[in-house]
Structure formats: structure tokens, C-alpha cells
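Below is one structure, written out as C-alpha cells; the observations come after it.
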Amino acid sequence: MLAKRFHPDKNPQGQEEFKKILLAYETLSDPSRKYAYDLKLKYQQNAAHGTKQAGKKHYTFEEKEMRRRQYYNEHIKKYEKMTRAKTQHAELKKNYNEYKYILFATPLAVLLFLLVIHFATPSHRGTTLPQNNPPTTEVTNLKMGDSPYSSYFGNPVYDTLANQTLTVKNNTGKDVIICLFSNNKFLRCSFVRGGYYISISQLPNAFINIRYSSGYNWDPDYELKEVKLYGAFTKDLKFYESEEIELTTVNEITLINGLNQGFKEIDQKEFFRKNKLQ
């Protein structure tokens with residue numbers, strides 16, 4: 001279209017434009033000339049673009065490689081720092097949990113140990129009572145919980161299944177020896193100082209009766225001539241016996257000076273009888 005428009009035969013003034021058109025046609029129709037023209041055009045464009053970005057810094061391959069390595073080194077260091085911080089936090093948390101477990105477990109273990117000792121011991125020895133009567137001051141070689149008459153009445157009986165407990169408080173102002181029986185069969189015997197109490201556990205779930213002797217100055221060589229037995233209080237010696245007591249309803253007895261309610265005074269033979277036939 002342009003060749004016809006600017007042909008000298010039709011447009012005498014278009015001779016220069018017609019030459020440009022012919023030159024462009026020859027360049028485009030010849031691959032080698034077209035390639036050379038494209039290179040020249042690209043070079044001119046790059047030169048113009050380079051002029052516009054003259055203020056921007058250009059890096060060589062080595063500089064770019066160094067910058068890339070520096071970037072990755074900084075990234076790796078940052079990652080290692082974060083990983084180390086997480087590891088330290090996890091270790092601190094683990095140590096804290098172990099320390100907290102120790103703090104919690106130690107008093108619990110001590111409490112369990114004390115509970116085992118408590119329930120494994122048949123009676124509590126040496127516990128004082130809040131009372132008006134002062135404890136006895138006479139010297140005795142018996143200790144709280146001793147069983148001076150077990151060798152006479154027989155072996156003590158422990159019922160771990162029923163595990164009934166009877167607490168006897170000694171407010172008599174004297175020392176006493178408590179003997180427990182069920183159907184006149186011997187169960188347990190314990191010494192209780194004046195002003196103290198004792199808890200006798202592991203008793204059967206049955207009716208029992210209490211016999212106790214009271215007095216001062218226990219002497220293991222003192223002879224009870226009526227029963228031909230050695231060992232008794234040498235001063236103010238007396239013997240008592242209670243009515244039957246049901247442990248499921250009564251688990252505490254307080255002995256006072258004088259005759260207690262539900263008790264009667266008895267003699268040596270009655271106290272030391274082993275069954276109803278004696």
C-alpha cells in the first residue's frame with residue numbers, strides 16, 4: 001500500500017519515502033540483513049535504557065554470588081538462633097516440670113509414710129490429755145502400751161478386717177492397766193499413765209467389756225496372793241469391770257477418779273478370771 005502511495009509515477013514528491021520503503025522491504029526479505037538490523041535496534045534500545053538507569057549500580061557475577069551467600073548465611077544463623085531458643089525453652093520447661101513434680105511428690109510420700117506408720121501401730125502411746133487431774137508422779141518401770149498381764153491371759157488378738165478402735169482416756173489421776181475381753185475371751189492389755197490416753201485399734205466388731213486395775217508404784221515382784229500372780233500396783237490398788245460395750249456405737253471411754261458409770265468394783269479373783277467357770 002505504501003509502495004503504491006509513494007511510487008514516483010503517482011507521487012513525484014514521494015521519491016525519498018519510496019526509497020525508504022524499498023530499503024525496508026529489502027532488509028525484511030533478506031534474513032541476514034534483518035538479523036543485523038535487529039541487533040542494531042536492540043543495541044540502540046539497550047543504550048537508551050542504560051542512559052535512563054545510569055544512577056543504578058550494576059553488580060558483577062562474583063558480587064551477586066557473594067551477596068547471595070551472605071543472605072543465606074544470615075538466614076541460617078537466624079534459624080539456628082531460633083532453634084536454640086526453642087530447645088532451651090523446652091529444656092527449662094522440662095526441668096521446671098520435674099522440679100514441680102518433686103515438690104509435689106515429696107510431701108505426699110511423707111504423708112503416706114506417716115499414714116502407714118499410723119495404721120500399722122495398734123495404739124498411740126504417750127499422748128497427754130487436757131484435764132484437771134495432774135499426771136501421776138510415782139516412778140514406774142512400765143511404759144505406755146506395755147501389756148504386763150498378756151502372759152497370764154494369753155496372746156493378744158488383732159482383727160485387721162473389722163479394725164474397730166477404742167480410745168480410753170485416763171482421768172483417774174492414777175496409773176491404770178486396761179484389759180479388754182469379748183465373751184470373757186482375752187483380746188488386749190495396755191498400760192496407761194494417769195493424764196494420758198491410748199487408742200487400741202484392730203479390735204473385733206463385737207460386744208466387749210473392760211477390766212482395769214488402778215493404783216501407784218507398779219512392782220513386777222509384788223505378789224497378788226489370792227491369785228498367786230506377781231506384778232501389781234503397790235499403792236491404792238483397786239480393780240474394776242464394765243458392762244458390755246458395743247464398739248459399733250461406743251468407741252471412746254473416759255475413766256475418772258472413783259467409780260465410773262457402767263463400771264463396778266471387783267476383787268482380784270474376779271479381775272483375773274479367764275472364763276465364767278472360774
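For the C-alpha cells, the naming scheme is as follows: chains receive sequential letters (A, B, ...) according to their order of presentation, residues are indexed from 1 within each chain, and ligands are indexed from 1 in presentation order.
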
> Got a sec to tell me which of stretch 146-276 of chain A DSSP assigns to helix (DSSP H, G or I), as a PyMOL selection string?
Replying inline: chain A and resi 150-153+268-271

Just C-alpha atoms for this one: save the residues we selected as a short mmCIF file (atom, residue, chain, number, x, y, z; two decimals), in the first residue's frame.
data_model
loop_
_atom_site.label_atom_id
_atom_site.label_comp_id
_atom_site.auth_asym_id
_atom_site.auth_seq_id
_atom_site.Cartn_x
_atom_site.Cartn_y
_atom_site.Cartn_z
CA SER A 150 -0.70 -60.71 128.48
CA SER A 151 1.49 -63.56 129.66
CA TYR A 152 -1.25 -64.52 132.12
CA PHE A 153 -4.38 -64.05 129.98
CA GLN A 268 -8.60 -59.91 142.46
CA LYS A 269 -10.20 -63.24 141.64
CA GLU A 270 -12.92 -61.65 139.50
CA PHE A 271 -10.38 -59.48 137.69
#

Could you give me, as CSV, a per-residue list for stretch 209-237 of chain A showing, wherever an atom lies at most 7 Å from an atom of stretch 167-175 of chain A, the closest pair of atoms and their distance in Å to one decimal, using only C-alpha atoms and sorting by chain then residue number from low to high?
residue,atom,partner,partner_atom,distance
A:Ser214,CA,A:Asp175,CA,5.6
A:Gly215,CA,A:Lys174,CA,5.5
A:Tyr216,CA,A:Asp175,CA,6.1

>> Using only C-alpha atoms, which protein or nucleic acid residues come within 8 Å of A:Ser190? Drop anything in the same chain fewer than 2 positions from it, and give the result as JSON, numbers by chain.
In response: {"A": [144, 145, 146, 147, 148, 177, 178, 179, 188, 192]}

> What lies within 9 Å of A:Leu247 using only C-alpha atoms, ignoring chain neighbours under 3 positions off, as a PyMOL selection string?
Replying inline: chain A and resi 164-166+203-208+250-252

Would you save the residues of that selection, restricted to N, CA and C atoms, as a short mmCIF file (atom, residue, chain, number, x, y, z; two decimals), in the first residue's frame?
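What landed in part_15.cif:
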data_model
loop_
_atom_site.label_atom_id
_atom_site.label_comp_id
_atom_site.auth_asym_id
_atom_site.auth_seq_id
_atom_site.Cartn_x
_atom_site.Cartn_y
_atom_site.Cartn_z
N GLN A 164 -11.93 -52.29 114.49
CA GLN A 164 -12.59 -51.34 115.38
C GLN A 164 -11.55 -50.73 116.32
N THR A 165 -11.80 -49.51 116.74
CA THR A 165 -10.86 -48.80 117.62
C THR A 165 -11.58 -48.29 118.86
N LEU A 166 -10.94 -48.47 120.00
CA LEU A 166 -11.46 -47.96 121.26
C LEU A 166 -10.42 -47.04 121.88
N LEU A 203 -9.59 -54.11 116.75
CA LEU A 203 -10.45 -54.90 117.63
C LEU A 203 -11.58 -55.50 116.80
N PRO A 204 -12.20 -56.60 117.29
CA PRO A 204 -13.29 -57.23 116.53
C PRO A 204 -14.57 -56.39 116.60
N ASN A 205 -15.42 -56.64 115.67
CA ASN A 205 -16.71 -55.97 115.61
C ASN A 205 -17.70 -56.74 116.50
N ALA A 206 -17.57 -56.55 117.84
CA ALA A 206 -18.34 -57.37 118.79
C ALA A 206 -18.56 -56.59 120.08
N PHE A 207 -19.35 -57.20 120.98
CA PHE A 207 -19.52 -56.64 122.33
C PHE A 207 -18.28 -56.97 123.16
N ILE A 208 -17.79 -55.98 123.89
CA ILE A 208 -16.63 -56.21 124.75
C ILE A 208 -16.93 -55.67 126.15
N VAL A 250 -20.03 -47.30 120.55
CA VAL A 250 -19.17 -46.61 121.53
C VAL A 250 -17.72 -46.88 121.17
N ASN A 251 -16.97 -45.83 120.92
CA ASN A 251 -15.55 -46.01 120.59
C ASN A 251 -14.63 -45.15 121.46
N GLU A 252 -15.20 -44.61 122.56
CA GLU A 252 -14.37 -43.80 123.45
C GLU A 252 -14.88 -43.93 124.89
#

>> Env of stretch 227-239 of chain A: 6 Å cut, atoms = only C-alpha atoms, seq-sep filter 6 positions within chain, self excluded. Answer as an MDAnalysis selection string.
In response: chainID A and resid 212:221 265:266
